[in-house]
>>> print(open('coords-v6.txt').read())   # compact mmCIF, C-alpha atoms
# COMPACT_ATOMS: atom_id res chain seq x y z
CA MET A 1 1.70 5.80 -22.44
CA ARG A 2 -0.94 3.74 -24.25
CA PRO A 3 -4.41 5.29 -24.87
CA ASP A 4 -6.12 2.56 -22.82
CA THR A 5 -3.76 3.31 -19.91
CA ARG A 6 -4.52 7.03 -20.12
CA ALA A 7 -8.25 6.30 -20.11
CA THR A 8 -7.93 4.04 -17.07
CA ASP A 9 -5.89 6.65 -15.20
CA ALA A 10 -8.42 9.38 -16.03
CA THR A 11 -11.28 7.17 -14.83
CA LEU A 12 -9.54 6.32 -11.56
CA ARG A 13 -8.68 9.99 -11.04
CA LEU A 14 -12.39 10.87 -11.30
CA LEU A 15 -13.60 7.97 -9.17
CA SER A 16 -11.11 8.82 -6.41
CA ARG A 17 -13.15 11.95 -5.64
CA ASP A 18 -15.97 11.24 -3.23
CA TRP A 19 -18.30 13.59 -5.10
CA ALA A 20 -17.87 11.58 -8.32
CA GLY A 21 -21.09 9.67 -7.62
CA LEU A 22 -23.12 12.84 -8.11
CA VAL A 23 -21.43 13.47 -11.45
CA ILE A 24 -22.14 9.92 -12.57
CA ALA A 25 -25.77 10.25 -11.48
CA LEU A 26 -26.16 13.16 -13.92
CA LEU A 27 -25.69 10.81 -16.88
CA PRO A 28 -28.90 8.75 -16.49
CA ALA A 29 -30.69 11.92 -15.36
CA ALA A 30 -29.79 13.70 -18.61
CA ALA A 31 -30.66 10.62 -20.68
CA GLY A 32 -33.98 10.28 -18.86
CA ALA A 33 -34.89 13.93 -19.40
CA TRP A 34 -34.08 13.56 -23.10
CA CYS A 35 -36.28 10.46 -23.39
CA ILE A 36 -39.18 12.21 -21.64
CA ALA A 37 -38.80 15.17 -23.99
CA LEU A 38 -39.16 12.81 -26.95
CA GLY A 39 -42.64 11.92 -25.65
CA SER A 40 -44.82 8.95 -26.50
CA GLY A 41 -43.23 5.53 -25.84
CA TRP A 42 -39.96 7.04 -24.66
CA ARG A 43 -41.49 8.42 -21.48
CA VAL A 44 -41.48 5.08 -19.65
CA LEU A 45 -37.78 4.58 -20.33
CA GLY A 46 -37.17 8.19 -19.35
CA GLY A 47 -38.95 7.66 -16.05
CA VAL A 48 -36.88 4.54 -15.32
CA LEU A 49 -33.64 6.41 -16.06
CA CYS A 50 -34.67 9.34 -13.87
CA ALA A 51 -35.55 6.98 -11.03
CA ALA A 52 -32.16 5.28 -11.40
CA ALA A 53 -30.45 8.69 -11.36
CA LEU A 54 -32.31 9.63 -8.19
CA ALA A 55 -31.27 6.38 -6.50
CA LEU A 56 -27.63 6.94 -7.48
CA ALA A 57 -27.71 10.54 -6.28
CA LEU A 58 -29.21 9.56 -2.92
CA GLY A 59 -26.60 6.84 -2.52
CA SER A 60 -23.85 9.32 -3.36
CA LEU A 61 -25.16 11.81 -0.81
CA ARG A 62 -25.25 9.03 1.75
CA HIS A 63 -21.58 8.30 0.99
CA LEU A 64 -20.62 11.97 1.35
CA VAL A 65 -22.34 12.14 4.74
CA HIS A 66 -20.57 8.96 5.81
CA VAL A 67 -17.16 10.32 4.77
CA ALA A 68 -17.83 13.59 6.59
CA ARG A 69 -18.72 11.72 9.77
CA VAL A 70 -15.52 9.67 9.55
CA ARG A 71 -13.42 12.83 9.14
CA VAL A 72 -14.94 14.32 12.27
CA ARG A 73 -14.61 11.11 14.26
CA HIS A 74 -11.08 10.27 13.11
CA PRO A 75 -8.99 13.37 12.29
CA PRO A 76 -5.37 12.81 11.17
CA PRO A 77 -3.28 11.79 14.20
CA GLY A 78 -0.15 13.26 12.60
CA ARG A 79 0.64 16.08 10.19
CA MET A 80 -0.55 16.76 6.65
CA VAL A 81 2.46 17.75 4.52
CA ASP A 82 1.95 19.61 1.24
CA LEU A 83 3.86 18.16 -1.70
CA GLY A 84 2.60 20.75 -4.15
CA GLY A 85 -0.84 19.77 -5.36
CA HIS A 86 -1.54 16.99 -2.88
CA ARG A 87 -0.88 16.34 0.80
CA MET A 88 0.52 13.28 2.54
CA HIS A 89 -0.05 12.27 6.14
CA ILE A 90 2.95 11.54 8.37
CA LEU A 91 2.94 10.44 12.01
CA ALA A 92 6.33 10.80 13.73
CA GLU A 93 6.89 10.12 17.43
CA GLY A 94 9.71 9.17 19.79
CA ASP A 95 13.20 10.49 20.47
CA ARG A 96 15.88 9.92 17.88
CA GLY A 97 18.87 10.00 20.19
CA THR A 98 22.06 8.91 18.42
CA ARG A 99 20.37 6.33 16.20
CA PRO A 100 18.75 6.71 12.74
CA THR A 101 15.04 7.41 12.38
CA VAL A 102 12.90 4.39 11.48
CA VAL A 103 10.29 4.71 8.73
CA TRP A 104 7.69 1.92 8.44
CA MET A 105 5.69 0.90 5.36
CA PRO A 106 2.96 -1.79 5.43
CA GLY A 107 2.11 -4.19 2.64
CA GLY A 108 -0.65 -3.89 0.07
CA HIS A 109 -1.61 -0.29 -0.52
CA VAL A 110 -2.96 0.66 2.89
CA GLY A 111 -2.16 3.53 5.20
CA GLY A 112 0.87 3.48 7.44
CA TYR A 113 -1.51 3.27 10.41
CA ALA A 114 -1.78 -0.46 9.60
CA LEU A 115 1.57 -0.81 11.39
CA TYR A 116 0.53 1.30 14.37
CA PRO A 117 1.06 -1.60 16.84
CA LEU A 118 4.71 -1.73 15.75
CA HIS A 119 4.96 2.06 15.89
CA ALA A 120 3.48 2.15 19.40
CA LEU A 121 6.18 -0.24 20.61
CA ALA A 122 8.97 1.40 18.63
CA ARG A 123 8.34 5.01 19.66
CA GLU A 124 9.38 4.13 23.21
CA ARG A 125 12.84 3.14 21.96
CA MET A 126 13.49 5.17 18.79
CA ARG A 127 12.22 7.87 16.45
CA SER A 128 9.42 6.09 14.59
CA VAL A 129 7.57 7.36 11.51
CA LEU A 130 4.43 6.13 9.75
CA VAL A 131 3.62 7.46 6.27
CA ASP A 132 0.38 7.13 4.31
CA ARG A 133 0.98 6.56 0.61
CA PRO A 134 -1.12 8.94 -1.56
CA GLY A 135 -4.70 7.72 -1.57
CA SER A 136 -4.25 5.60 1.56
CA GLY A 137 -5.04 6.55 5.15
CA TRP A 138 -5.44 10.30 5.55
CA SER A 139 -3.34 11.26 2.49
CA ASP A 140 -4.85 12.92 -0.58
CA PRO A 141 -5.19 10.78 -3.72
CA GLY A 142 -2.22 12.28 -5.54
CA PRO A 143 -1.62 12.09 -9.30
CA PHE A 144 -2.41 8.99 -11.36
CA PRO A 145 -1.10 6.51 -12.29
CA ARG A 146 0.13 5.32 -8.89
CA THR A 147 3.46 3.54 -9.28
CA THR A 148 6.07 2.19 -6.87
CA ALA A 149 8.71 4.46 -8.40
CA ALA A 150 6.57 7.58 -7.97
CA GLU A 151 5.68 6.67 -4.40
CA ALA A 152 9.35 6.12 -3.54
CA VAL A 153 10.05 9.70 -4.64
CA GLU A 154 7.02 10.98 -2.70
CA LEU A 155 8.09 9.10 0.42
CA LEU A 156 11.50 10.77 0.45
CA ALA A 157 9.95 14.16 -0.29
CA VAL A 158 7.39 13.97 2.53
CA LEU A 159 10.07 13.00 5.04
CA GLU A 160 12.17 16.00 4.03
CA ARG A 161 9.29 18.48 3.94
CA GLY A 162 7.87 17.02 7.12
CA GLY A 163 11.06 18.01 8.94
CA GLU A 164 12.38 14.50 9.58
CA LYS A 165 16.15 14.29 9.50
CA GLY A 166 18.09 11.50 7.86
CA PRO A 167 19.68 9.16 7.75
CA TYR A 168 16.79 6.71 7.93
CA VAL A 169 16.38 3.01 8.38
CA LEU A 170 13.58 2.05 6.00
CA VAL A 171 11.42 -0.90 7.05
CA GLY A 172 8.89 -2.35 4.61
CA HIS A 173 6.57 -5.35 4.73
CA SER A 174 5.50 -7.27 1.61
CA PHE A 175 4.69 -4.77 -1.19
CA GLY A 176 5.94 -2.05 1.17
CA GLY A 177 9.34 -3.77 1.12
CA LEU A 178 9.56 -3.31 -2.63
CA LEU A 179 8.77 0.39 -2.17
CA MET A 180 11.40 0.86 0.55
CA ALA A 181 14.08 -0.89 -1.52
CA ASN A 182 13.19 1.42 -4.41
CA ALA A 183 13.52 4.49 -2.18
CA ALA A 184 16.88 3.29 -0.83
CA ARG A 185 18.20 2.81 -4.36
CA ARG A 186 17.25 6.37 -5.28
CA ARG A 187 18.76 8.12 -2.27
CA PRO A 188 21.36 5.92 -0.57
CA ASP A 189 22.82 9.10 0.98
CA LEU A 190 19.67 9.41 3.11
CA VAL A 191 19.50 5.77 4.18
CA SER A 192 21.55 4.03 6.88
CA GLY A 193 19.99 0.64 6.32
CA LEU A 194 17.09 -1.35 4.94
CA VAL A 195 14.96 -3.95 6.73
CA LEU A 196 12.73 -5.99 4.43
CA LEU A 197 9.93 -7.95 6.09
CA ASP A 198 9.10 -10.79 3.68
CA PRO A 199 9.18 -8.35 0.75
CA THR A 200 7.33 -8.87 -2.53
CA PRO A 201 9.84 -10.28 -5.05
CA PRO A 202 9.23 -8.92 -8.57
CA ASP A 203 10.48 -12.21 -10.02
CA ALA A 204 7.47 -13.93 -8.46
CA ILE A 205 5.21 -11.64 -10.48
CA ALA A 206 7.12 -11.84 -13.74
CA PHE A 207 8.01 -15.54 -13.71
CA GLY A 208 5.88 -17.19 -11.03
CA PRO A 209 2.76 -19.34 -11.48
CA PRO A 210 -0.51 -17.50 -12.12
CA VAL A 211 -2.13 -16.13 -8.97
CA PRO A 212 -5.84 -15.61 -9.73
CA ALA A 213 -6.44 -13.48 -6.62
CA LEU A 214 -3.68 -11.09 -7.66
CA ARG A 215 -4.95 -10.95 -11.22
CA ARG A 216 -8.40 -9.93 -9.98
CA ALA A 217 -7.16 -7.48 -7.34
CA ALA A 218 -7.20 -4.26 -9.39
CA GLY A 219 -10.69 -4.92 -10.77
CA GLN A 220 -12.00 -5.78 -7.31
CA GLN A 221 -10.69 -2.47 -5.98
CA ILE A 222 -12.52 -0.58 -8.73
CA ALA A 223 -15.72 -2.44 -7.83
CA ILE A 224 -15.20 -1.50 -4.17
CA ALA A 225 -14.75 2.15 -5.13
CA MET A 226 -18.00 2.13 -7.13
CA ARG A 227 -19.96 0.53 -4.29
CA ARG A 228 -18.65 3.08 -1.82
CA LEU A 229 -19.35 6.04 -4.10
CA PHE A 230 -23.02 5.10 -4.03
CA GLY A 231 -23.26 4.44 -0.31
CA LEU A 232 -23.06 0.65 -0.37
CA HIS A 233 -20.63 0.39 2.53
CA ALA A 234 -20.27 -2.76 4.58
CA LEU A 235 -22.13 -2.76 7.90
CA ALA A 236 -18.81 -2.53 9.78
CA ASP A 237 -17.87 0.50 7.69
CA ARG A 238 -21.12 2.26 8.57
CA ASN A 239 -21.30 1.54 12.27
CA GLY A 240 -18.59 -0.45 14.03
CA ALA A 241 -15.55 1.52 12.91
CA HIS A 242 -17.06 4.81 14.05
CA ALA A 243 -17.26 3.68 17.64
CA SER A 244 -13.90 1.90 17.84
CA GLU A 245 -10.45 3.29 18.58
CA ASP A 246 -8.69 0.09 17.55
CA PRO A 247 -6.06 1.12 14.94
CA ALA A 248 -7.19 -1.48 12.40
CA GLN A 249 -10.82 -0.39 12.76
CA VAL A 250 -9.89 3.30 12.56
CA LEU A 251 -7.92 2.74 9.35
CA SER A 252 -10.77 0.66 7.93
CA ALA A 253 -13.16 3.54 8.58
CA VAL A 254 -10.85 6.19 7.13
CA GLU A 255 -10.28 4.11 3.99
CA THR A 256 -13.99 3.81 3.16
CA SER A 257 -13.44 6.86 0.97
CA ALA A 258 -13.22 6.09 -2.74
CA LYS A 259 -9.63 7.35 -3.03
CA ALA A 260 -8.17 4.38 -1.14
CA ALA A 261 -9.66 1.77 -3.48
CA CYS A 262 -8.80 3.78 -6.62
CA ALA A 263 -5.18 4.30 -5.58
CA ALA A 264 -4.86 0.60 -4.77
CA ALA A 265 -6.42 -0.35 -8.13
CA SER A 266 -3.91 1.86 -9.92
CA ILE A 267 -0.74 0.59 -8.29
CA LEU A 268 -1.88 -3.05 -8.23
CA ARG A 269 -1.74 -2.95 -12.01
CA GLU A 270 2.04 -3.18 -11.55
CA LEU A 271 1.64 -6.56 -9.87
CA SER A 272 1.04 -8.45 -13.10
CA PRO A 273 3.39 -9.76 -15.79
CA ASP A 274 2.30 -6.94 -18.11
CA GLY A 275 2.68 -4.34 -15.36
CA ILE A 276 6.16 -5.48 -14.35
CA THR A 277 7.20 -5.51 -18.01
CA ARG A 278 5.89 -1.98 -18.43
CA ASP A 279 7.21 -0.47 -15.18
CA GLY A 280 9.90 -2.90 -14.08
CA TRP A 281 12.97 -0.85 -14.95
CA HIS A 282 11.79 1.88 -12.59
CA THR A 283 10.31 -0.49 -9.98
CA VAL A 284 12.74 -3.36 -9.54
CA VAL A 285 15.93 -3.18 -7.46
CA HIS A 286 18.49 -5.32 -9.24
CA ASP A 287 21.52 -7.27 -8.01
CA GLY A 288 24.13 -4.86 -6.67
CA ASP A 289 21.90 -1.78 -7.00
CA LEU A 290 22.29 -0.98 -3.30
CA ASP A 291 26.08 -1.32 -3.34
CA SER A 292 27.12 -2.03 0.29
CA LEU A 293 24.03 -0.62 2.04
CA PRO A 294 23.29 -2.66 5.20
CA LEU A 295 20.27 -4.84 4.42
CA LEU A 296 18.35 -7.25 6.63
CA LEU A 297 15.92 -9.73 5.09
CA VAL A 298 13.44 -10.97 7.70
CA ALA A 299 11.05 -13.72 6.62
CA PRO A 300 9.62 -17.08 7.71
CA ARG A 301 11.69 -20.20 7.17
CA ASP A 302 8.73 -22.05 5.65
CA LEU A 303 5.69 -21.18 3.56
CA THR A 304 2.44 -20.71 5.44
CA GLY A 305 -0.85 -20.35 3.61
CA GLY A 306 -1.11 -19.78 -0.12
CA ASP A 307 -3.15 -22.93 -0.71
CA GLU A 308 -4.69 -21.40 -3.83
CA ILE A 309 -1.21 -21.50 -5.39
CA PHE A 310 0.38 -24.54 -3.84
CA ASP A 311 -2.42 -27.08 -3.90
CA ALA A 312 -3.72 -26.52 -7.42
CA VAL A 313 -1.06 -28.61 -9.17
CA ASP A 314 0.33 -32.15 -9.10
CA ALA A 315 2.82 -33.17 -6.42
CA ARG A 316 5.95 -32.66 -8.51
CA GLU A 317 4.88 -29.23 -9.73
CA ASN A 318 3.73 -28.41 -6.21
CA ALA A 319 7.26 -29.00 -4.91
CA ARG A 320 8.69 -26.84 -7.70
CA VAL A 321 6.29 -23.99 -6.89
CA ARG A 322 7.12 -24.12 -3.19
CA HIS A 323 10.84 -24.12 -3.93
CA PHE A 324 10.39 -21.15 -6.26
CA PHE A 325 8.59 -19.02 -3.67
CA LEU A 326 11.04 -19.97 -0.92
CA THR A 327 14.07 -18.99 -2.98
CA VAL A 328 12.88 -16.08 -5.11
CA ARG A 329 12.62 -13.67 -2.17
CA GLU A 330 16.26 -14.42 -1.34
CA ARG A 331 17.16 -12.44 -4.46
CA PHE A 332 16.85 -9.29 -2.35
CA LEU A 333 20.05 -10.40 -0.58
CA ALA A 334 21.90 -9.93 -3.87
CA THR A 335 20.94 -6.26 -4.11
CA SER A 336 23.61 -5.37 -1.51
CA SER A 337 27.03 -6.77 -0.71
CA ASN A 338 26.25 -6.14 2.97
CA ALA A 339 23.10 -8.22 3.43
CA ARG A 340 22.10 -10.96 5.82
CA ARG A 341 19.10 -13.11 6.68
CA VAL A 342 17.00 -13.44 9.85
CA TYR A 343 14.26 -16.07 10.23
CA THR A 344 11.02 -15.29 12.04
CA PRO A 345 9.80 -17.43 14.97
CA ALA A 346 8.49 -20.90 14.15
CA GLY A 347 4.83 -21.03 13.21
CA THR A 348 4.67 -17.48 11.83
CA GLY A 349 3.69 -16.72 8.26
CA HIS A 350 3.72 -13.76 5.88
CA ASP A 351 1.68 -11.70 8.37
CA PHE A 352 4.34 -12.05 11.09
CA PRO A 353 4.57 -8.25 11.76
CA ASN A 354 1.08 -8.51 13.23
CA GLN A 355 1.70 -11.91 14.81
CA VAL A 356 4.97 -11.10 16.62
CA PRO A 357 5.34 -7.29 16.75
CA GLU A 358 7.75 -7.41 19.70
CA PHE A 359 10.09 -9.64 17.70
CA VAL A 360 10.04 -7.24 14.75
CA VAL A 361 10.70 -4.17 16.88
CA GLN A 362 13.54 -5.94 18.69
CA VAL A 363 15.15 -6.94 15.39
CA VAL A 364 14.88 -3.37 14.10
CA SER A 365 16.21 -1.94 17.38
CA SER A 366 19.27 -4.21 17.23
CA PHE A 367 19.82 -3.22 13.62
CA LEU A 368 19.70 0.45 14.65
CA ASP A 369 22.34 -0.18 17.31
CA ASP A 370 24.60 -1.74 14.68
CA CYS A 371 24.00 1.16 12.27
CA ALA A 372 24.76 3.71 15.00
CA ALA A 373 27.95 1.86 15.89
CA GLY A 374 28.94 1.69 12.23
CA THR A 375 29.11 -2.11 12.22
CA PRO A 376 25.82 -3.40 10.78
CA ASN A 377 25.63 -6.91 9.38
CA PRO A 378 29.05 -8.11 10.45
CA PRO A 379 30.23 -11.18 8.48
>>> encode(input="coords-v6.txt", output="structure tokens")
Amino acid sequence: MRPDTRATDATLRLLSRDWAGLVIALLPAAAGAWCIALGSGWRVLGGVLCAAALALALGSLRHLVHVARVRVRHPPPGRMVDLGGHRMHILAEGDRGTRPTVVWMPGGHVGGYALYPLHALARERMRSVLVDRPGSGWSDPGPFPRTTAAEAVELLAVLERGGEKGPYVLVGHSFGGLLMANAARRRPDLVSGLVLLDPTPPDAIAFGPPVPALRRAAGQQIAIAMRRLFGLHALADRNGAHASEDPAQVLSAVETSAKAACAAASILRELSPDGITRDGWHTVVHDGDLDSLPLLLVAPRDLTGGDEIFDAVDARENARVRHFFLTVRERFLATSSNARRVYTPAGTGHDFPNQVPEFVVQVVSSFLDDCAAGTPNPP
């Protein structure tokens, strides 16, 4: 591991603790006290540094009070499972019956509660499980660096220690799809099938056109963590989410802790050409890696959104970029000899799990029936 990587991981590990703001505030306080002790012209600078330290400390205390209020208002709806040094949150509901248990994973690096609308529909028909990656939702931060490979191992461990019985059908959206494919590759004996909801294709990161928003994502998450550590929460974070029971608002409130932004900043470093080069062997699922595991790729037929990528080039290059993004995700079909494709309803885009949750749950339910019957993905 490079020294700069170790330093970044150590910094994120510190910033992921909500009390880190108080520690940081000690630095200008110590410098200010030293300046005042020097006397004479240094006293003005010392006073400014002490005032800055006081402002940082007050902001940090404000953040700690905010986090405490959120914990009281929104306790974990599921169970906290100890993985030896850190705990992960798992919410499992519904009867399994004769079909495999379904485990959901949202995109980005947010808590499993982001897919609660799907879970609420699914638990009436199947055993449905939501898992918070370390640092997200109600889970503890976990060790740094955060990587897809490490989180695949943690996912399988928390299911086992949480008492959930395999085999599982793993369902992942976007970046969560990459994680679920990684987990399936590691323990195919525990997995009956894999449903990928417009998964993130590593080839798009390694070989695709530059995506400025993605390049800035890790740094933006660090900036969010710093603002939160010193009490600079958004107005919705401070007030609206406390009074709401809407799943999205609840998750937004819970993830105003610094750990969520730091964990996201760490793992988003993978989503760059350098990151994929560094971690790709352990992250990517290659052609044939899943043998004959039943796999369902569910994604829109067309591209919706993404104007920052598609409209920033000339017409010919625009067409090439669109073709690239339409075809590169199909590479997931080559990871298994037992894979097939399902298109989402017309007019839906990458966020289709939130747009048409009933469709997603129905697709997964039918896939479970096929898995239980031993005939998934017939030719």
>>> atom_distance(input="coords-v6.txt", atom1="CA of Leu190 (chain A)", atom2="CA of Leu159 (chain A)")
10.4 Å
>>> atom_distance(input="coords-v6.txt", atom1="CA of His173 (chain A)", atom2="CA of Pro300 (chain A)")
12.5 Å
>>> atom_distance(input="coords-v6.txt", atom1="CA of Asp95 (chain A)", atom2="CA of Ala181 (chain A)")
24.8 Å
>>> residues_near_point(input="coords-v6.txt", point="(3.6, -18.4, -13.6)", cutoff="12 Å", atoms="only C-alpha atoms", output="number ranges by chain")
A: 203-212, 214-215, 272-273, 309-310, 317, 320-321, 324-325
>>> write_last_selection(input="coords-v6.txt", atoms="C-alpha atoms", output="PDB file, in the frame of the given file")
ATOM      1  CA  ASP A 203      10.480 -12.210 -10.020  1.00  0.00           C
ATOM      2  CA  ALA A 204       7.470 -13.930  -8.460  1.00  0.00           C
ATOM      3  CA  ILE A 205       5.210 -11.640 -10.480  1.00  0.00           C
ATOM      4  CA  ALA A 206       7.120 -11.840 -13.740  1.00  0.00           C
ATOM      5  CA  PHE A 207       8.010 -15.540 -13.710  1.00  0.00           C
ATOM      6  CA  GLY A 208       5.880 -17.190 -11.030  1.00  0.00           C
ATOM      7  CA  PRO A 209       2.760 -19.340 -11.480  1.00  0.00           C
ATOM      8  CA  PRO A 210      -0.510 -17.500 -12.120  1.00  0.00           C
ATOM      9  CA  VAL A 211      -2.130 -16.130  -8.970  1.00  0.00           C
ATOM     10  CA  PRO A 212      -5.840 -15.610  -9.730  1.00  0.00           C
ATOM     11  CA  LEU A 214      -3.680 -11.090  -7.660  1.00  0.00           C
ATOM     12  CA  ARG A 215      -4.950 -10.950 -11.220  1.00  0.00           C
ATOM     13  CA  SER A 272       1.040  -8.450 -13.100  1.00  0.00           C
ATOM     14  CA  PRO A 273       3.390  -9.760 -15.790  1.00  0.00           C
ATOM     15  CA  ILE A 309      -1.210 -21.500  -5.390  1.00  0.00           C
ATOM     16  CA  PHE A 310       0.380 -24.540  -3.840  1.00  0.00           C
ATOM     17  CA  GLU A 317       4.880 -29.230  -9.730  1.00  0.00           C
ATOM     18  CA  ARG A 320       8.690 -26.840  -7.700  1.00  0.00           C
ATOM     19  CA  VAL A 321       6.290 -23.990  -6.890  1.00  0.00           C
ATOM     20  CA  PHE A 324      10.390 -21.150  -6.260  1.00  0.00           C
ATOM     21  CA  PHE A 325       8.590 -19.020  -3.670  1.00  0.00           C
TER      22      PHE A 325
END
>>> residues_around(input="coords-v6.txt", residues="region 339-347 of chain A", least_positions_apart="3", cutoff="7 Å", atoms="only C-alpha atoms", output="PyMOL selection string")
chain A and resi 294-301+333+336+377
>>> residues_around(input="coords-v6.txt", residues="Gly193 (chain A)", least_positions_apart="3", cutoff="12 Å", atoms="all atoms listed in the file", output="mmCIF file with C-alpha atoms, in the coordinates of the input")
data_model
loop_
_atom_site.group_PDB
_atom_site.id
_atom_site.type_symbol
_atom_site.label_atom_id
_atom_site.label_comp_id
_atom_site.auth_asym_id
_atom_site.auth_seq_id
_atom_site.Cartn_x
_atom_site.Cartn_y
_atom_site.Cartn_z
ATOM 1 C CA ARG A 99 20.370 6.330 16.200
ATOM 2 C CA PRO A 100 18.750 6.710 12.740
ATOM 3 C CA THR A 101 15.040 7.410 12.380
ATOM 4 C CA VAL A 102 12.900 4.390 11.480
ATOM 5 C CA VAL A 103 10.290 4.710 8.730
ATOM 6 C CA GLY A 166 18.090 11.500 7.860
ATOM 7 C CA PRO A 167 19.680 9.160 7.750
ATOM 8 C CA TYR A 168 16.790 6.710 7.930
ATOM 9 C CA VAL A 169 16.380 3.010 8.380
ATOM 10 C CA LEU A 170 13.580 2.050 6.000
ATOM 11 C CA VAL A 171 11.420 -0.900 7.050
ATOM 12 C CA GLY A 172 8.890 -2.350 4.610
ATOM 13 C CA MET A 180 11.400 0.860 0.550
ATOM 14 C CA ALA A 181 14.080 -0.890 -1.520
ATOM 15 C CA ALA A 183 13.520 4.490 -2.180
ATOM 16 C CA ALA A 184 16.880 3.290 -0.830
ATOM 17 C CA ARG A 185 18.200 2.810 -4.360
ATOM 18 C CA ARG A 187 18.760 8.120 -2.270
ATOM 19 C CA PRO A 188 21.360 5.920 -0.570
ATOM 20 C CA ASP A 189 22.820 9.100 0.980
ATOM 21 C CA LEU A 190 19.670 9.410 3.110
ATOM 22 C CA LEU A 196 12.730 -5.990 4.430
ATOM 23 C CA LEU A 290 22.290 -0.980 -3.300
ATOM 24 C CA ASP A 291 26.080 -1.320 -3.340
ATOM 25 C CA SER A 292 27.120 -2.030 0.290
ATOM 26 C CA LEU A 293 24.030 -0.620 2.040
ATOM 27 C CA PRO A 294 23.290 -2.660 5.200
ATOM 28 C CA LEU A 295 20.270 -4.840 4.420
ATOM 29 C CA LEU A 296 18.350 -7.250 6.630
ATOM 30 C CA LEU A 297 15.920 -9.730 5.090
ATOM 31 C CA SER A 336 23.610 -5.370 -1.510
ATOM 32 C CA ASN A 338 26.250 -6.140 2.970
ATOM 33 C CA ALA A 339 23.100 -8.220 3.430
ATOM 34 C CA ARG A 340 22.100 -10.960 5.820
ATOM 35 C CA VAL A 364 14.880 -3.370 14.100
ATOM 36 C CA SER A 365 16.210 -1.940 17.380
ATOM 37 C CA SER A 366 19.270 -4.210 17.230
ATOM 38 C CA PHE A 367 19.820 -3.220 13.620
ATOM 39 C CA LEU A 368 19.700 0.450 14.650
ATOM 40 C CA ASP A 369 22.340 -0.180 17.310
ATOM 41 C CA ASP A 370 24.600 -1.740 14.680
ATOM 42 C CA CYS A 371 24.000 1.160 12.270
ATOM 43 C CA ALA A 372 24.760 3.710 15.000
ATOM 44 C CA GLY A 374 28.940 1.690 12.230
ATOM 45 C CA THR A 375 29.110 -2.110 12.220
ATOM 46 C CA PRO A 376 25.820 -3.400 10.780
ATOM 47 C CA ASN A 377 25.630 -6.910 9.380
#
>>> residues_around(input="coords-v6.txt", residues="Ala53 (chain A)", least_positions_apart="6", cutoff="10 Å", atoms="only C-alpha atoms", output="list of chain:residue names")
A:Leu22, A:Ile24, A:Ala25, A:Leu26, A:Leu27, A:Pro28, A:Ala29, A:Ala30, A:Ala31, A:Gly32, A:Gly47, A:Gly59
>>> closest_residue(input="coords-v6.txt", among="A:Gly162, A:Gly78, A:Pro202, A:Gly97", to="Asp274 (chain A)", atoms="all atoms listed in the file")
A:Pro202
>>> closest_residue(input="coords-v6.txt", among="A:Ala122, A:Val191, A:Val158, A:Leu179", to="Arg79 (chain A)", atoms="only C-alpha atoms")
A:Val158
